[in-house]
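Engineer: Below is target.tsv; it holds TSV, C-alpha atoms.
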```
chain	number	residue	atom	x	y	z
A	24	MET	CA	57.37	79.14	-13.84
A	25	ALA	CA	57.11	75.43	-13.08
A	26	SER	CA	60.38	73.60	-12.55
A	27	ALA	CA	61.39	70.88	-15.00
A	28	LYS	CA	60.44	67.34	-14.08
A	29	PRO	CA	63.32	65.35	-12.57
A	30	ALA	CA	64.90	62.45	-14.40
A	31	THR	CA	62.58	59.61	-13.46
A	32	ILE	CA	62.51	55.82	-13.31
A	33	VAL	CA	59.04	54.69	-14.37
A	34	ILE	CA	57.94	51.50	-12.61
A	35	VAL	CA	55.31	49.54	-14.55
A	36	ASP	CA	53.03	47.76	-12.07
A	37	PHE	CA	51.95	44.19	-12.82
A	38	GLY	CA	50.38	43.68	-9.40
A	39	GLY	CA	53.49	42.55	-7.56
A	40	GLN	CA	53.55	42.72	-3.77
A	41	TYR	CA	56.88	44.59	-3.79
A	42	VAL	CA	56.09	47.37	-6.26
A	43	GLN	CA	56.03	50.10	-3.59
A	44	LEU	CA	59.30	48.75	-2.22
A	45	ILE	CA	60.91	48.98	-5.67
A	46	ALA	CA	59.95	52.66	-5.86
A	47	ARG	CA	61.37	53.22	-2.39
A	48	ARG	CA	64.67	51.52	-3.22
A	49	VAL	CA	65.08	53.74	-6.27
A	50	ARG	CA	64.39	56.87	-4.24
A	51	GLU	CA	66.88	55.75	-1.59
A	52	GLN	CA	69.49	56.00	-4.34
A	53	HIS	CA	68.51	59.68	-4.83
A	54	VAL	CA	66.64	58.99	-8.07
A	55	HIS	CA	63.02	59.99	-8.61
A	56	SER	CA	60.54	57.19	-9.35
A	57	VAL	CA	56.84	56.86	-10.16
A	58	ILE	CA	54.56	53.83	-10.34
A	59	VAL	CA	52.25	53.54	-13.35
A	60	PRO	CA	49.65	50.93	-14.41
A	61	HIS	CA	50.71	48.28	-16.91
A	62	GLY	CA	48.55	49.85	-19.63
A	63	VAL	CA	50.66	53.03	-19.63
A	64	THR	CA	51.26	54.57	-23.05
A	65	VAL	CA	54.52	55.67	-24.64
A	66	GLU	CA	53.36	59.28	-24.43
A	67	GLU	CA	52.64	58.97	-20.71
A	68	VAL	CA	56.07	57.44	-20.07
A	69	ARG	CA	57.76	60.26	-21.97
A	70	ALA	CA	55.73	62.85	-20.03
A	71	HIS	CA	57.40	61.62	-16.82
A	72	ASN	CA	60.85	62.49	-18.21
A	73	ALA	CA	61.73	58.81	-18.01
A	74	VAL	CA	65.38	57.78	-18.10
A	75	GLY	CA	64.62	54.11	-17.44
A	76	LEU	CA	61.83	51.58	-16.91
A	77	ILE	CA	61.40	48.87	-14.30
A	78	LEU	CA	58.85	46.14	-15.05
A	79	SER	CA	57.61	44.85	-11.69
A	80	GLY	CA	56.81	41.38	-10.52
A	81	GLY	CA	53.27	40.05	-10.39
A	82	PRO	CA	51.21	37.02	-9.36
A	83	ALA	CA	50.01	35.98	-12.82
A	84	SER	CA	51.59	33.64	-15.36
A	85	VAL	CA	52.48	35.40	-18.62
A	86	TYR	CA	51.04	32.53	-20.70
A	87	GLU	CA	47.59	32.69	-19.06
A	88	GLU	CA	44.71	34.29	-20.92
A	89	GLY	CA	44.06	37.73	-19.49
A	90	ALA	CA	47.47	38.05	-17.81
A	91	PRO	CA	48.57	41.70	-17.56
A	92	ARG	CA	50.79	42.89	-20.37
A	93	CYS	CA	52.45	46.17	-21.22
A	94	ARG	CA	52.33	47.81	-24.61
A	95	PRO	CA	55.09	46.18	-26.70
A	96	GLU	CA	56.21	49.57	-27.98
A	97	LEU	CA	57.49	50.44	-24.49
A	98	LEU	CA	60.30	47.97	-25.10
A	99	ASP	CA	61.30	49.87	-28.25
A	100	LEU	CA	61.62	53.32	-26.67
A	101	GLY	CA	65.36	52.95	-26.37
A	102	LEU	CA	65.18	53.43	-22.61
A	103	PRO	CA	67.10	51.12	-20.28
A	104	ILE	CA	64.77	48.47	-18.82
A	105	LEU	CA	65.02	46.20	-15.80
A	106	GLY	CA	62.47	43.39	-15.67
A	107	ILE	CA	61.95	41.83	-12.23
A	108	CYS	CA	60.42	38.34	-11.96
A	109	TYR	CA	57.15	38.61	-13.95
A	110	GLY	CA	58.58	41.67	-15.71
A	111	MET	CA	61.57	39.65	-16.93
A	112	GLN	CA	59.36	36.77	-18.05
A	113	LEU	CA	57.01	39.06	-19.97
A	114	ALA	CA	59.81	40.90	-21.78
A	115	CYS	CA	61.52	37.62	-22.71
A	116	GLU	CA	58.24	36.18	-23.97
A	117	LEU	CA	57.45	39.30	-26.02
A	118	ALA	CA	60.89	38.92	-27.63
A	119	GLY	CA	60.20	35.34	-28.72
A	120	GLY	CA	61.34	33.40	-25.66
A	121	ARG	CA	59.30	30.79	-23.82
A	122	VAL	CA	58.01	30.77	-20.24
A	123	LYS	CA	56.64	27.67	-18.55
A	124	ALA	CA	55.75	26.38	-15.08
A	125	ALA	CA	58.84	25.49	-13.09
A	126	ARG	CA	59.43	21.85	-12.12
A	127	SER	CA	59.85	23.06	-8.55
A	128	ARG	CA	58.68	26.41	-7.25
A	129	GLU	CA	61.44	28.54	-5.76
A	130	TYR	CA	60.51	30.56	-2.70
A	131	GLY	CA	62.89	32.13	-0.23
A	132	ARG	CA	66.59	32.68	-0.07
A	133	THR	CA	68.29	30.77	-2.90
A	134	PRO	CA	71.96	30.29	-3.83
A	135	ILE	CA	72.80	31.74	-7.24
A	136	THR	CA	75.82	31.66	-9.53
A	137	ILE	CA	76.70	34.72	-11.60
A	138	VAL	CA	78.02	33.61	-15.00
A	139	ASP	CA	78.38	37.07	-16.61
A	140	GLN	CA	78.65	40.14	-14.40
A	141	ASP	CA	78.18	42.75	-17.13
A	142	ALA	CA	77.03	46.20	-15.96
A	143	LEU	CA	74.00	45.07	-13.96
A	144	LEU	CA	75.81	42.54	-11.79
A	145	ALA	CA	79.14	44.36	-11.45
A	146	HIS	CA	80.70	43.98	-7.98
A	147	VAL	CA	78.29	41.14	-7.11
A	148	PRO	CA	80.11	37.96	-5.98
A	149	GLU	CA	80.06	35.01	-8.37
A	150	ALA	CA	78.38	32.95	-5.64
A	151	THR	CA	75.75	34.72	-3.53
A	152	SER	CA	72.11	34.35	-2.54
A	153	VAL	CA	68.92	36.03	-3.73
A	154	TRP	CA	65.25	36.08	-2.76
A	155	MET	CA	63.08	34.05	-5.12
A	156	SER	CA	59.29	33.96	-5.30
A	157	HIS	CA	58.07	32.35	-8.51
A	158	GLY	CA	56.35	29.34	-9.99
A	159	ASP	CA	57.33	29.98	-13.63
A	160	VAL	CA	60.68	30.19	-15.37
A	161	VAL	CA	62.05	31.39	-18.69
A	162	ASN	CA	63.11	28.09	-20.21
A	163	GLU	CA	64.03	29.32	-23.68
A	164	LEU	CA	65.56	32.63	-24.77
A	165	SER	CA	65.50	34.24	-28.18
A	166	ALA	CA	68.89	34.63	-29.84
A	167	ASP	CA	68.92	38.30	-28.76
A	168	TYR	CA	69.31	37.44	-25.07
A	169	VAL	CA	72.25	36.18	-23.01
A	170	PRO	CA	71.95	34.43	-19.59
A	171	LEU	CA	73.77	36.18	-16.73
A	172	ALA	CA	73.02	33.93	-13.74
A	173	ALA	CA	71.55	30.57	-12.73
A	174	THR	CA	70.29	28.62	-9.73
A	175	THR	CA	69.94	24.85	-9.48
A	176	SER	CA	66.22	25.07	-10.36
A	177	CYS	CA	66.31	28.13	-12.60
A	178	PRO	CA	68.95	27.99	-15.35
A	179	ILE	CA	68.00	31.46	-16.61
A	180	ALA	CA	67.90	33.55	-13.42
A	181	ALA	CA	69.14	36.80	-15.03
A	182	VAL	CA	69.49	37.97	-18.63
A	183	ARG	CA	70.60	40.84	-20.80
A	184	HIS	CA	69.83	41.80	-24.37
A	185	ARG	CA	72.79	41.59	-26.73
A	186	THR	CA	72.34	45.07	-28.20
A	187	LYS	CA	69.64	46.91	-26.22
A	188	PRO	CA	69.89	48.20	-22.63
A	189	PHE	CA	67.50	45.53	-21.32
A	190	TYR	CA	68.19	43.43	-18.25
A	191	GLY	CA	66.02	40.96	-16.39
A	192	VAL	CA	66.28	39.15	-13.07
A	193	GLN	CA	64.09	36.29	-11.91
A	194	PHE	CA	64.75	37.19	-8.28
A	195	HIS	CA	63.84	40.24	-6.20
A	196	PRO	CA	66.75	42.70	-5.72
A	197	GLU	CA	64.49	45.15	-3.87
A	198	VAL	CA	64.12	43.00	-0.71
A	199	THR	CA	66.69	42.91	2.07
A	200	HIS	CA	66.90	39.11	1.76
A	201	THR	CA	68.92	39.66	-1.43
A	202	PRO	CA	72.24	40.77	0.12
A	203	PHE	CA	73.55	42.51	-2.99
A	204	GLY	CA	70.16	43.71	-4.20
A	205	GLY	CA	70.96	47.33	-3.39
A	206	ARG	CA	74.12	47.09	-5.48
A	207	ILE	CA	72.15	45.62	-8.39
A	208	ILE	CA	69.58	48.42	-8.29
A	209	ARG	CA	72.35	51.01	-7.99
A	210	ASN	CA	74.15	49.44	-10.97
A	211	PHE	CA	70.98	49.71	-13.04
A	212	LEU	CA	70.36	53.33	-12.06
A	213	TYR	CA	73.91	54.63	-12.38
A	214	GLU	CA	75.75	52.31	-14.79
A	215	VAL	CA	72.88	51.48	-17.16
A	216	CYS	CA	70.51	54.48	-16.95
A	217	GLY	CA	73.20	57.11	-16.31
A	218	CYS	CA	71.40	58.66	-13.34
A	219	THR	CA	73.25	61.35	-11.43
A	220	GLY	CA	71.69	60.92	-7.98
A	221	ASP	CA	70.82	64.58	-7.56
A	222	TRP	CA	67.18	64.08	-6.51
A	223	GLN	CA	66.05	64.39	-2.90
A	224	VAL	CA	62.73	63.50	-1.25
A	225	GLY	CA	60.54	66.60	-1.18
A	226	HIS	CA	62.07	68.19	-4.28
```
Taking this structure as input, can you express it in the form of structure tokens?

Structural biologist:
Amino acid sequence: MASAKPATIVIVDFGGQYVQLIARRVREQHVHSVIVPHGVTVEEVRAHNAVGLILSGGPASVYEEGAPRCRPELLDLGLPILGICYGMQLACELAGGRVKAARSREYGRTPITIVDQDALLAHVPEATSVWMSHGDVVNELSADYVPLAATTSCPIAAVRHRTKPFYGVQFHPEVTHTPFGGRIIRNFLYEVCGCTGDWQVGH
């Protein structure tokens, strides 16, 4: 008799250079993860025994014709979601926000100010640094979203939904250049998704 599938974080791939690293960071927290293409269906996500979704970064601009998009119904599954860079921009745009080219591209280690720690940013200092790599920014949020952090060039550097378990970060928590990135990923897995950390590589 086949064993039940482990509780899994499904990572939706938008072509970002760090997607494999995201999967690795999740597994380092003793949580199973899989990477799926951005056209993944609701049924396929459910078949993975998903307890949360991560929307990866990517090189495209969400407002460009032909830019990769996920199925909007994925955002209505009721699963906790973490959007990273492009993933945050896409989710905010699908919810009625606006994304535009940044006045100045942010690349590299960037000072950031946390304005609302909430569950995702718990135990992260109010002033820290993160790794940015983007040319676009969310410049307008729908009324359903609340800003959590800002940089001098990016006033909406992290967000949360008022009522749904959705979070987004413009920066990359999965890279070592974000000092508290591991804490942020752990917060998402344990505080938001309710993971138990009972998975081991090879199981």

Engineer: Restrict the calculation to only C-alpha atoms, then for each residue of range 174-223 of chain A with any atom at most 7 Å from an atom of range 135-159 of chain A give the closest atom pair and their distance in Å to one decimal, rows by chain and rising residue number, as a tab-separated table.

Structural biologist:
```
residue	atom	partner	partner_atom	distance
A:Thr174	CA	A:Ile135	CA	4.7
A:Phe194	CA	A:Met155	CA	4.8
A:His195	CA	A:Trp154	CA	5.6
A:His200	CA	A:Trp154	CA	5.7
A:Thr201	CA	A:Val153	CA	4.3
A:Pro202	CA	A:Ser152	CA	7.0
A:Phe203	CA	A:Val147	CA	6.4
A:Ile207	CA	A:Leu144	CA	5.9
A:Asn210	CA	A:Leu143	CA	5.3
A:Phe211	CA	A:Leu143	CA	5.6
A:Glu214	CA	A:Ala142	CA	6.4
A:Val215	CA	A:Ala142	CA	6.8
```

Engineer: With C-alpha atoms retained, export the selected residues as a CSV table (one decimal), in the coordinates of the input.

Structural biologist:
```
chain,number,residue,atom,x,y,z
A,174,THR,CA,70.3,28.6,-9.7
A,194,PHE,CA,64.8,37.2,-8.3
A,195,HIS,CA,63.8,40.2,-6.2
A,200,HIS,CA,66.9,39.1,1.8
A,201,THR,CA,68.9,39.7,-1.4
A,202,PRO,CA,72.2,40.8,0.1
A,203,PHE,CA,73.6,42.5,-3.0
A,207,ILE,CA,72.2,45.6,-8.4
A,210,ASN,CA,74.2,49.4,-11.0
A,211,PHE,CA,71.0,49.7,-13.0
A,214,GLU,CA,75.8,52.3,-14.8
A,215,VAL,CA,72.9,51.5,-17.2
```

Engineer: Given the choices A:Ile58, A:Gly106, A:Glu163, A:Gln112, which gets closest to Leu44 in chain A if the distance is worked out from all atoms listed in the file?

Structural biologist: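 Using all atoms listed in the file, Leu44 in chain A sits closest to A:Ile58.
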
Engineer: Ranking A:Cys216, A:Ser79, A:Gly191, A:Val68 by minimum distance to Ala172 in chain A and counting all atoms listed in the file, which one comes first?

Structural biologist: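 The shortest atom-to-atom distance to Ala172 in chain A comes from A:Gly191.
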
Engineer: List the neighbours of Val160 in chain A out to 10 Å using only C-alpha atoms; skip same-chain residues closer than 4 positions along the sequence, and give me the result as a ChimeraX atom specification.

Structural biologist: /A:84,108-109,111-112,121-129,176-180,193

Engineer: Choose the residue, out of A:Glu88, A:Asp36, A:Glu116, A:Asp167, that has the smallest atom-to-atom separation from Val63 in chain A; count all atoms listed in the file.

Structural biologist: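 Closest candidate: A:Asp36.
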
Engineer: Please, what distance in Å, to one decimal, runs between CA of Ile208 in chain A and CA of Val33 in chain A?

Structural biologist: 13.7 Å

Engineer: Using CA of Thr31 in chain A and CA of Ala90 in chain A as the two end points, give the distance in Å to one decimal.

Structural biologist: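 Result for CA of Thr31 in chain A versus CA of Ala90 in chain A: 26.7 Å, one decimal.
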
Engineer: So, counting all atoms listed in the file, which residue among A:Asn72, A:Pro134, A:Gly62, A:Val57 is closest to Thr175 in chain A?

Structural biologist: A:Pro134
